[in-house]
Amino acid sequence: MISARLAWRNICLHRKKSLIIGLIMGFGILILFVGNSLIDTTISGLRRMFVEGYTGDLMVTGPTEFSTTVLGETAGSEEVLPHIAQIKKYEDFLEARQDVASILPILSGQVSFGIGEEELGSGYCFGVNIFDYRAFFPDNLTLVSGEWPEESDEPWVLLSEPTYALLQQSSDIEVKPGTKIIMTALANSAGTVIREVSVKGIIKFNQSNAQLSGITLVDADTMRDLLGFASLRDGAPQLSEHEAAFLTDFDPDSLFDNLFASQTITTEGEGQSELGLEPSQLDIPEDPGQEISQASSTTTVIAEIVPAWQFLLIRAKNGSNTSKLLDDLEAFSEELGDGDRVQDWIAGAGKVARTAVTIRLVFDLLVAVIAVVVVMIMMNVLVISVNERLHEIGTLRAIGAKRHVVRSMILYETTFMVLIAGAVGLILGYILLLIMGKVGIRAPNLFFEALFGGEILRPLISIGAAGRAFFWVLAMALVASWYPTRVAVRIEPVVAMRGD
Amino acid sequence: MSDIIIELDAVQKVYFLDTVEVEAIRDISLEIHSGDFVSIAGPSGSGKTTILNLIGCVDKPTSGTVIVNGQRTSDLDDDRLTELRHRSIGFIFQTFNLIPVLNIRENVELPLLLDGLSENETRAEREKWVDFLIDSVGLKDRMLHKPAELSGGQRQRVAIARALVMKPAIVLADEPTANLDSATGESILRLMRKMNETFGTTFIFSTHDPDIVEEADHIIRLKDGIIVEDRRIDEDRDDKLGFRPSVRATSPEATGTGLTGTKATGTEGSQA
């Protein structure tokens, strides 16, 4: 341990140089610790908010060239996100896995709200099965007024507080549970779709920001209609007497004067039959596996109705490897060949989370650039220090110190300085974070408010950030000491024989 | 006659100063016996330090053979040369070369600290040996001082104790008195002689001081890189070395404690 003793004594003897290097290291650790803690707080807050409230850990979306946020926003496209054609296969795949806790299909898009003929505002809307949704996000939804929808309910909507406030302010009619409102959306192929729904209640998202708090929940079939997936509703279409009568009297062949072959419609098990069905026969059972076949005069095609869903949200089990799940899911999606997209919560969260991650990358990049400069400064100071001790190191070599003793001495010096400077930097950083935690950092604008997950960011003290800061600086110091160490171990013992 | 501990055969050393070739020594052949007290004399630039460097294994010859303690130095790699220096050679430098961050005791102990404890050695024995050496060079009361707090003569005494701590076969001293006043220089030389006689260690010192040269019992004179005189004066050294009787009077046998040591005095001052 003579190397360690010599290193320590040299640090004490050359106080000024040690102080310069120590200050650089300490300040570096302080900046890294505080900076990483702020970013960690932001990202973990965003992660918790999105994963536990909106996106799950991973999601599958319908085929799209670019990633899509859970609000249905796709870069460079105004189109409605297509549905996942083979969602059943994804569900089967995911249900068979040990690392998946739960899955939830949803629909998402932007709709306009109105009462009567008056359009009052617009907002984001999720089309969901409310029982599944509440089970998937058990802690994020609070019913402010009204009641939760029942399965047998007519088309319903759970208005978010901001949407409710907007409607209330803009309308003469008091909006309350039971009020009928009009929802309008521009679907890809279906043009403008208008649906009347009944307000079932007012909801509040427990973890949200300005954008997310405005999400309204609507029953999935209404949302399918609004998004242009009317033919892919959940279960069989419920026809009114008038609709059934229309179908009963309808003869498509008469439209084309026998130019085309006649068409038949049949229910499973009944085989092929003529189109002219009794209304009772058109009341197709609610079994989702029910099949409608279309057939020419010579062939019958059996098609299974699979309700349209644009997103399949996935919650991984605690401690499971979501990266592996993502990879496996991507491979599975590739196998299916529909061009569906598999993405993580960051893509699902959109620009807020991407910005936070980008800030981290920029911060790391900045740290890397500064690290290079700091390494150069430290390296220079250490080389000067070694050159000032040529005689001493030469003497050590002459009296029998092997090169590794000299190497250890320099490395010990660096390590001791990192330990001391690191301790000081971490303590100061800890104090600074405590103060920031008490006082809070106020978001200067709405964007930062979204980023902070509220008006004020109270940074958490992150052990991980402290560890990363320490190891960053240790790595920098060791890199900085590489060249001086090389210079030191090359000092020949003959140097000792020369005068001072 | 005792065993040959150092042998140089047709040794040449050439230095390159930029593009200029400087032949520091040429065709040097000599033998030094175990237990010799050898002076290498000559004016500045005559090659004294070059020969000490070659014997001390801190440099290698351009041509010729250097054998130290039975080992041909040109056959050894850096680690083995270091090992040879560590085990067999002690160094006393003109500028003392004590480690400034260590106190006197630690400086003396330093070569021992480069090794772990050997199997048949305890820490207590090692500490006793270090204390004994410090006492022998008369610095017992300065043991915890830093080198900067000592005079030149005292520092050189520390260097002598450090050179002997590994019980080496050879001690090399490069101009050990050059930075000291004459009285201090004489006391240092006396101390070296005492150690030479007490431990049987071969002492080789370089000097350009004619008075000091004559204190040795083997004198090698150099001029312009070649040996001009290689003289052993075993038989008549008592007549030549005026201070020798006093050294002998303080020999371990006379005191019964191994070594009495020459006490450091306040009059010793550094001229460095």
# chains A, B, ... in the order shown; residues from 1 in each chain; ligands from 1

call {"tool": "residues_around", "arguments": {"residues": "Gly42 (chain B)", "least_positions_apart": "4", "cutoff": "8 Å", "atoms": "only C-alpha atoms", "output": "mmCIF file with C-alpha atoms, in the first residue's frame"}}
result
data_model
loop_
_atom_site.group_PDB
_atom_site.id
_atom_site.type_symbol
_atom_site.label_atom_id
_atom_site.label_comp_id
_atom_site.auth_asym_id
_atom_site.auth_seq_id
_atom_site.Cartn_x
_atom_site.Cartn_y
_atom_site.Cartn_z
ATOM 1 C CA SER B 46 35.167 11.899 -17.238
ATOM 2 C CA GLY B 47 32.472 9.200 -17.060
ATOM 3 C CA LYS B 48 32.178 8.577 -13.289
ATOM 4 C CA THR B 207 34.040 12.066 -6.390
ATOM 5 C CA HIS B 208 36.213 14.721 -7.913
ATOM 6 C CA ARG B 221 40.682 7.244 -11.866
ATOM 7 C CA LEU B 222 39.054 8.268 -15.097
ATOM 8 C CA LYS B 223 39.882 10.809 -17.682
#

call {"tool": "interface_residues", "arguments": {"of": "chain B", "to": "chain A", "cutoff": "10 Å", "atoms": "only C-alpha atoms", "output": "NGL selection string"}}
result
:B and (49-50 or 52-54 or 56-59 or 78-102 or 106 or 110-116 or 162-163 or 166 or 173-174 or 272)

call {"tool": "write_last_selection", "arguments": {"atoms": "C-alpha atoms", "output": "short mmCIF file (atom, residue, chain, number, x, y, z; two decimals), in the first residue's frame"}}
result
data_model
loop_
_atom_site.label_atom_id
_atom_site.label_comp_id
_atom_site.auth_asym_id
_atom_site.auth_seq_id
_atom_site.Cartn_x
_atom_site.Cartn_y
_atom_site.Cartn_z
CA THR B 49 28.41 8.77 -13.17
CA THR B 50 28.09 6.72 -16.36
CA LEU B 52 27.88 4.15 -11.57
CA ASN B 53 24.74 4.10 -13.72
CA LEU B 54 25.91 0.93 -15.44
CA GLY B 56 23.61 0.44 -10.62
CA CYS B 57 21.59 -1.16 -13.45
CA VAL B 58 19.85 2.10 -14.21
CA ASP B 59 21.49 2.18 -17.63
CA ASP B 78 13.25 -4.13 -16.85
CA ASP B 79 11.50 -6.04 -14.06
CA ARG B 80 14.51 -8.21 -13.33
CA LEU B 81 16.84 -5.23 -13.41
CA THR B 82 14.53 -3.49 -10.95
CA GLU B 83 14.57 -6.58 -8.80
CA LEU B 84 18.36 -6.69 -8.94
CA ARG B 85 18.60 -3.03 -7.93
CA HIS B 86 16.07 -3.57 -5.19
CA ARG B 87 17.76 -6.61 -3.66
CA SER B 88 21.43 -6.00 -4.33
CA ILE B 89 22.10 -2.30 -4.70
CA GLY B 90 21.61 0.69 -2.45
CA PHE B 91 21.81 4.23 -3.80
CA ILE B 92 23.14 7.39 -2.24
CA PHE B 93 22.57 10.38 -4.48
CA GLN B 94 24.37 13.66 -4.73
CA THR B 95 21.08 15.48 -4.21
CA PHE B 96 19.93 13.04 -1.48
CA ASN B 97 16.72 12.18 -3.38
CA LEU B 98 14.57 11.63 -0.34
CA ILE B 99 10.86 11.44 -0.94
CA PRO B 100 9.57 14.78 0.30
CA VAL B 101 6.14 13.52 1.36
CA LEU B 102 7.52 10.82 3.63
CA GLU B 106 9.25 6.19 6.16
CA LEU B 110 10.58 2.77 1.78
CA PRO B 111 12.55 0.03 -0.04
CA LEU B 112 11.18 -2.52 2.45
CA LEU B 113 7.65 -1.27 1.84
CA LEU B 114 7.99 -2.03 -1.85
CA ASP B 115 7.93 -5.70 -0.78
CA GLY B 116 5.53 -7.52 1.43
CA ARG B 162 17.84 3.95 3.19
CA ALA B 163 20.60 2.53 0.99
CA MET B 166 17.62 -3.90 2.17
CA ALA B 173 27.15 6.82 -3.93
CA ASP B 174 27.26 9.43 -6.65
CA ALA B 272 22.86 22.28 -1.97
#

call {"tool": "closest_residue", "arguments": {"among": "B:Ala41, B:Asp217, B:Ile32, B:Ile67", "to": "Glu175 (chain B)", "atoms": "only C-alpha atoms"}}
result
B:Ala41

call {"tool": "residues_around", "arguments": {"residues": "region 162-165 of chain A", "least_positions_apart": "4", "cutoff": "9 Å", "atoms": "only C-alpha atoms", "output": "list in words"}}
result
Phe113, Gly121, Ser122, Gly123, Gln169, Ser170, Val175, Lys176, Ile202, Ser213, Gly214, Ile215 and Thr216 of chain A

call {"tool": "select_by_dssp", "arguments": {"residues": "region 118-189 of chain A", "states": "helix (DSSP H, G or I)", "output": "list in words"}}
result
Ile130, Phe131, Asp132, Tyr133, Arg134, Ala135, Phe136, Glu161, Pro162, Thr163, Tyr164, Ala165, Leu166, Leu167, Gln168, Gln169 and Ser170 of chain A

call {"tool": "write_last_selection", "arguments": {"atoms": "C-alpha atoms", "output": "PDB file, in the first residue's frame"}}
result
ATOM      1  CA  ILE A 130     -65.289   0.896 -19.825  1.00  0.00           C
ATOM      2  CA  PHE A 131     -64.983  -2.228 -17.659  1.00  0.00           C
ATOM      3  CA  ASP A 132     -61.764  -3.276 -19.336  1.00  0.00           C
ATOM      4  CA  TYR A 133     -60.469   0.288 -19.313  1.00  0.00           C
ATOM      5  CA  ARG A 134     -61.012   0.751 -15.595  1.00  0.00           C
ATOM      6  CA  ALA A 135     -59.433  -2.617 -14.895  1.00  0.00           C
ATOM      7  CA  PHE A 136     -56.387  -1.720 -16.986  1.00  0.00           C
ATOM      8  CA  GLU A 161     -63.915  17.962 -16.829  1.00  0.00           C
ATOM      9  CA  PRO A 162     -62.497  20.434 -19.389  1.00  0.00           C
ATOM     10  CA  THR A 163     -64.918  19.210 -22.078  1.00  0.00           C
ATOM     11  CA  TYR A 164     -67.786  19.389 -19.648  1.00  0.00           C
ATOM     12  CA  ALA A 165     -66.773  22.930 -18.681  1.00  0.00           C
ATOM     13  CA  LEU A 166     -66.535  23.893 -22.354  1.00  0.00           C
ATOM     14  CA  LEU A 167     -69.997  22.559 -23.149  1.00  0.00           C
ATOM     15  CA  GLN A 168     -71.449  24.092 -20.045  1.00  0.00           C
ATOM     16  CA  GLN A 169     -70.014  27.502 -20.860  1.00  0.00           C
ATOM     17  CA  SER A 170     -70.961  27.440 -24.534  1.00  0.00           C
TER      18      SER A 170
END

call {"tool": "select_by_dssp", "arguments": {"residues": "region 89-264 of chain B", "states": "strand (DSSP E)", "output": "list in words"}}
result
Ile89, Gly90, Phe91, Ile92, Ile170, Val171, Leu172, Ala173, Asp174, Thr202, Phe203, Ile204, Phe205, Ser206, Thr207, His218, Ile219, Ile220, Arg221, Leu222, Lys223, Ile226, Ile227, Val228, Glu229, Asp230, Arg231 and Arg232 of chain B

call {"tool": "atom_distance", "arguments": {"atom1": "CA of Arg468 (chain A)", "atom2": "CA of Met378 (chain A)"}}
result
19.7 Å

call {"tool": "closest_residue", "arguments": {"among": "A:Ile461, A:Val372, A:Leu19, A:Leu226", "to": "Met436 (chain A)", "atoms": "only C-alpha atoms"}}
result
A:Ile461

call {"tool": "residues_around", "arguments": {"residues": "Thr184 (chain B)", "least_positions_apart": "3", "cutoff": "6 Å", "atoms": "only C-alpha atoms", "output": "list in words"}}
result
Gly153, Leu180, Asp181, Ser187 and Glu268 of chain B

call {"tool": "write_last_selection", "arguments": {"atoms": "N, CA and C atoms", "output": "PDB file, in the first residue's frame"}}
result
ATOM      1  N   GLY B 153      23.509  17.447   5.448  1.00  0.00           N
ATOM      2  CA  GLY B 153      24.235  16.308   6.008  1.00  0.00           C
ATOM      3  C   GLY B 153      23.290  15.291   6.608  1.00  0.00           C
ATOM      4  N   LEU B 180      27.805  19.111   0.227  1.00  0.00           N
ATOM      5  CA  LEU B 180      27.993  19.293   1.670  1.00  0.00           C
ATOM      6  C   LEU B 180      29.277  20.066   1.937  1.00  0.00           C
ATOM      7  N   ASP B 181      29.344  20.731   3.088  1.00  0.00           N
ATOM      8  CA  ASP B 181      30.608  21.373   3.453  1.00  0.00           C
ATOM      9  C   ASP B 181      31.614  20.295   3.812  1.00  0.00           C
ATOM     10  N   SER B 187      32.262  13.615   7.623  1.00  0.00           N
ATOM     11  CA  SER B 187      31.493  12.769   8.544  1.00  0.00           C
ATOM     12  C   SER B 187      30.648  11.749   7.760  1.00  0.00           C
ATOM     13  N   GLU B 268      26.209  20.520  10.851  1.00  0.00           N
ATOM     14  CA  GLU B 268      26.105  20.005   9.500  1.00  0.00           C
ATOM     15  C   GLU B 268      25.114  20.857   8.715  1.00  0.00           C
TER      16      GLU B 268
END

call {"tool": "atom_distance", "arguments": {"atom1": "CA of Ser206 (chain B)", "atom2": "CA of Thr19 (chain B)"}}
result
28.9 Å

call {"tool": "residues_around", "arguments": {"residues": "region 385-387 of chain A", "least_positions_apart": "2", "cutoff": "9 Å", "atoms": "only C-alpha atoms", "output": "ChimeraX atom specification"}}
result
/A:14,17,380-383,389-391,393,410,484-485,487-488

call {"tool": "write_last_selection", "arguments": {"atoms": "C-alpha atoms", "output": "short mmCIF file (atom, residue, chain, number, x, y, z; two decimals), in the first residue's frame"}}
result
data_model
loop_
_atom_site.label_atom_id
_atom_site.label_comp_id
_atom_site.auth_asym_id
_atom_site.auth_seq_id
_atom_site.Cartn_x
_atom_site.Cartn_y
_atom_site.Cartn_z
CA HIS A 14 0.52 19.66 -3.96
CA LYS A 17 -2.99 21.38 -8.14
CA ASN A 380 -2.50 18.63 -18.56
CA VAL A 381 -2.47 19.31 -14.84
CA LEU A 382 -1.56 15.70 -14.11
CA VAL A 383 1.21 15.68 -16.73
CA ARG A 389 8.14 14.76 -9.87
CA LEU A 390 10.51 13.22 -12.40
CA HIS A 391 13.27 13.05 -9.84
CA ILE A 393 9.63 8.92 -9.50
CA ILE A 410 -0.84 7.94 -10.11
CA PRO A 484 0.15 11.03 -17.29
CA THR A 485 0.41 7.46 -15.98
CA VAL A 487 4.50 9.30 -18.86
CA ALA A 488 5.19 8.35 -15.25
#

call {"tool": "residues_around", "arguments": {"residues": "Pro63 (chain A)", "least_positions_apart": "5", "cutoff": "9 Å", "atoms": "only C-alpha atoms", "output": "number ranges by chain"}}
result
A: 81-85, 338-341

call {"tool": "residues_around", "arguments": {"residues": "Asn103 (chain B)", "least_positions_apart": "6", "cutoff": "10 Å", "atoms": "only C-alpha atoms", "output": "list in words"}}
result
Glu109, Arg142, Met143, Leu144, His145, Lys146, Pro147, Ala148 and Glu149 of chain B

call {"tool": "write_last_selection", "arguments": {"atoms": "N, CA and C atoms", "output": "PDB file, in the first residue's frame"}}
result
ATOM      1  N   GLU B 109      12.444   3.288   5.479  1.00  0.00           N
ATOM      2  CA  GLU B 109      11.692   2.033   5.365  1.00  0.00           C
ATOM      3  C   GLU B 109      11.208   1.778   3.933  1.00  0.00           C
ATOM      4  N   ARG B 142      15.120  12.579  15.077  1.00  0.00           N
ATOM      5  CA  ARG B 142      14.519  13.287  13.938  1.00  0.00           C
ATOM      6  C   ARG B 142      13.630  12.350  13.095  1.00  0.00           C
ATOM      7  N   MET B 143      13.339  11.229  13.674  1.00  0.00           N
ATOM      8  CA  MET B 143      12.692  10.151  12.921  1.00  0.00           C
ATOM      9  C   MET B 143      11.388  10.559  12.228  1.00  0.00           C
ATOM     10  N   LEU B 144      10.644  11.432  12.880  1.00  0.00           N
ATOM     11  CA  LEU B 144       9.326  11.787  12.331  1.00  0.00           C
ATOM     12  C   LEU B 144       9.335  13.109  11.577  1.00  0.00           C
ATOM     13  N   HIS B 145      10.563  13.629  11.379  1.00  0.00           N
ATOM     14  CA  HIS B 145      10.659  14.878  10.618  1.00  0.00           C
ATOM     15  C   HIS B 145      10.599  14.595   9.125  1.00  0.00           C
ATOM     16  N   LYS B 146      10.198  15.624   8.381  1.00  0.00           N
ATOM     17  CA  LYS B 146      10.202  15.526   6.912  1.00  0.00           C
ATOM     18  C   LYS B 146      11.590  15.928   6.411  1.00  0.00           C
ATOM     19  N   PRO B 147      12.010  15.448   5.250  1.00  0.00           N
ATOM     20  CA  PRO B 147      13.335  15.780   4.720  1.00  0.00           C
ATOM     21  C   PRO B 147      13.595  17.285   4.671  1.00  0.00           C
ATOM     22  N   ALA B 148      12.570  18.051   4.351  1.00  0.00           N
ATOM     23  CA  ALA B 148      12.754  19.500   4.227  1.00  0.00           C
ATOM     24  C   ALA B 148      13.155  20.139   5.551  1.00  0.00           C
ATOM     25  N   GLU B 149      12.931  19.409   6.649  1.00  0.00           N
ATOM     26  CA  GLU B 149      13.250  19.968   7.970  1.00  0.00           C
ATOM     27  C   GLU B 149      14.661  19.607   8.422  1.00  0.00           C
TER      28      GLU B 149
END
